file model.txt (compact mmCIF, C-alpha atoms)
# COMPACT_ATOMS: atom_id res chain seq x y z
CA MET A 1 122.30 102.07 100.55
CA SER A 2 122.45 102.84 96.86
CA LYS A 3 120.10 105.28 95.14
CA ALA A 4 119.19 102.63 92.54
CA VAL A 5 115.82 100.93 92.80
CA THR A 6 116.47 97.35 91.71
CA ASP A 7 114.20 94.36 91.19
CA GLU A 8 115.89 92.72 94.16
CA ARG A 9 115.01 95.64 96.47
CA VAL A 10 111.42 95.77 95.25
CA ASN A 11 111.11 91.99 95.72
CA ALA A 12 112.58 92.27 99.23
CA ALA A 13 110.07 95.01 100.12
CA VAL A 14 107.18 92.88 98.83
CA SER A 15 108.42 89.82 100.73
CA GLY A 16 108.75 91.92 103.86
CA TYR A 17 105.21 93.21 103.40
CA LEU A 18 103.84 89.70 102.94
CA ASP A 19 105.59 88.63 106.16
CA ASP A 20 104.32 91.71 108.04
CA PRO A 21 101.55 93.65 106.24
CA THR A 22 101.75 96.60 108.62
CA PRO A 23 101.11 99.85 106.71
CA GLY A 24 104.00 102.27 106.52
CA LEU A 25 106.92 103.34 104.41
CA ARG A 26 109.53 100.79 103.40
CA LEU A 27 112.88 102.09 102.22
CA ILE A 28 113.79 100.52 98.87
CA ALA A 29 116.69 102.79 97.92
CA GLU A 30 118.39 105.87 99.30
CA GLY A 31 115.71 108.55 99.40
CA VAL A 32 113.03 106.22 97.96
CA ALA A 33 110.30 104.66 100.09
CA VAL A 34 106.95 103.07 99.32
CA ASP A 35 103.89 102.20 101.41
CA LEU A 36 102.89 98.85 99.91
CA ALA A 37 99.65 98.71 101.91
CA ALA A 38 98.57 101.98 100.25
CA VAL A 39 99.64 100.71 96.83
CA ILE A 40 97.54 97.57 97.25
CA LEU A 41 94.50 99.51 98.44
CA ALA A 42 94.81 101.83 95.44
CA ASN A 43 95.11 98.98 92.91
CA VAL A 44 91.89 97.11 92.17
CA HIS A 45 93.85 94.14 90.75
CA ALA A 46 95.92 93.75 93.92
CA ARG A 47 93.01 93.88 96.38
CA GLY A 48 92.10 90.44 97.68
CA ALA A 49 95.58 89.09 97.01
CA GLY A 50 97.14 90.05 100.34
CA PRO A 51 98.61 87.77 102.98
CA ASP A 52 95.27 87.42 104.79
CA GLU A 53 93.72 85.85 101.68
CA ARG A 54 96.38 83.19 101.10
CA PRO A 55 95.08 79.62 101.09

call {"tool": "encode", "arguments": {"input": "model.txt", "output": "structure tokens"}}
result
Amino acid sequence: MSKAVTDERVNAAVSGYLDDPTPGLRLIAEGVAVDLAAVILANVHARGAGPDERP
């Protein structure tokens, strides 16, 4: 895995989260991981837009 964080890797992490919103780290580049569940909880604009709220 490359050390570069690309749009494609971020998009893949988000798609993976939407398919399975289990909290936890998701590797998006070598040595770089993000917990998207924590990011959403910390962002007032993202709350209420998760997979459980889809029409």

call {"tool": "closest_atom_pairs", "arguments": {"input": "model.txt", "of": "segment 9-33 of chain A", "to": "segment 37-44 of chain A", "cutoff": "12 Å", "atoms": "all atoms listed in the file", "output": "tab-separated table"}}
result
residue	atom	partner	partner_atom	distance
A:Ala13	CA	A:Ala37	CA	11.2
A:Val14	CA	A:Ala37	CA	10.0
A:Gly16	CA	A:Ala37	CA	11.5
A:Tyr17	CA	A:Ala37	CA	8.0
A:Leu18	CA	A:Ala37	CA	10.0
A:Asp20	CA	A:Ala37	CA	10.4
A:Pro21	CA	A:Ala37	CA	6.9
A:Thr22	CA	A:Ala37	CA	7.3
A:Pro23	CA	A:Ala37	CA	5.1
A:Gly24	CA	A:Ala37	CA	7.3
A:Leu25	CA	A:Ala37	CA	9.0
A:Arg26	CA	A:Ala37	CA	10.2
A:Ala33	CA	A:Val39	CA	11.8

call {"tool": "axis_aligned_box", "arguments": {"input": "model.txt", "around": "segment 1-13 of chain A", "padding_each_side": "4 Å", "output": "lines of an AutoDock Vina configuration file"}}
result
center_x = 116.3
center_y = 98.6
center_z = 95.9
size_x = 20.4
size_y = 21.3
size_z = 17.4

call {"tool": "atom_distance", "arguments": {"input": "model.txt", "atom1": "atom CA of Gly31 of chain A", "atom2": "atom CA of Val5 of chain A"}}
result
10.1 Å

call {"tool": "residues_around", "arguments": {"input": "model.txt", "residues": "Ser15 of chain A", "least_positions_apart": "4", "cutoff": "12 Å", "atoms": "only C-alpha atoms", "output": "JSON, numbers by chain"}}
result
{"A": [8, 9, 10, 11, 19, 20, 21, 26, 36, 50, 51]}
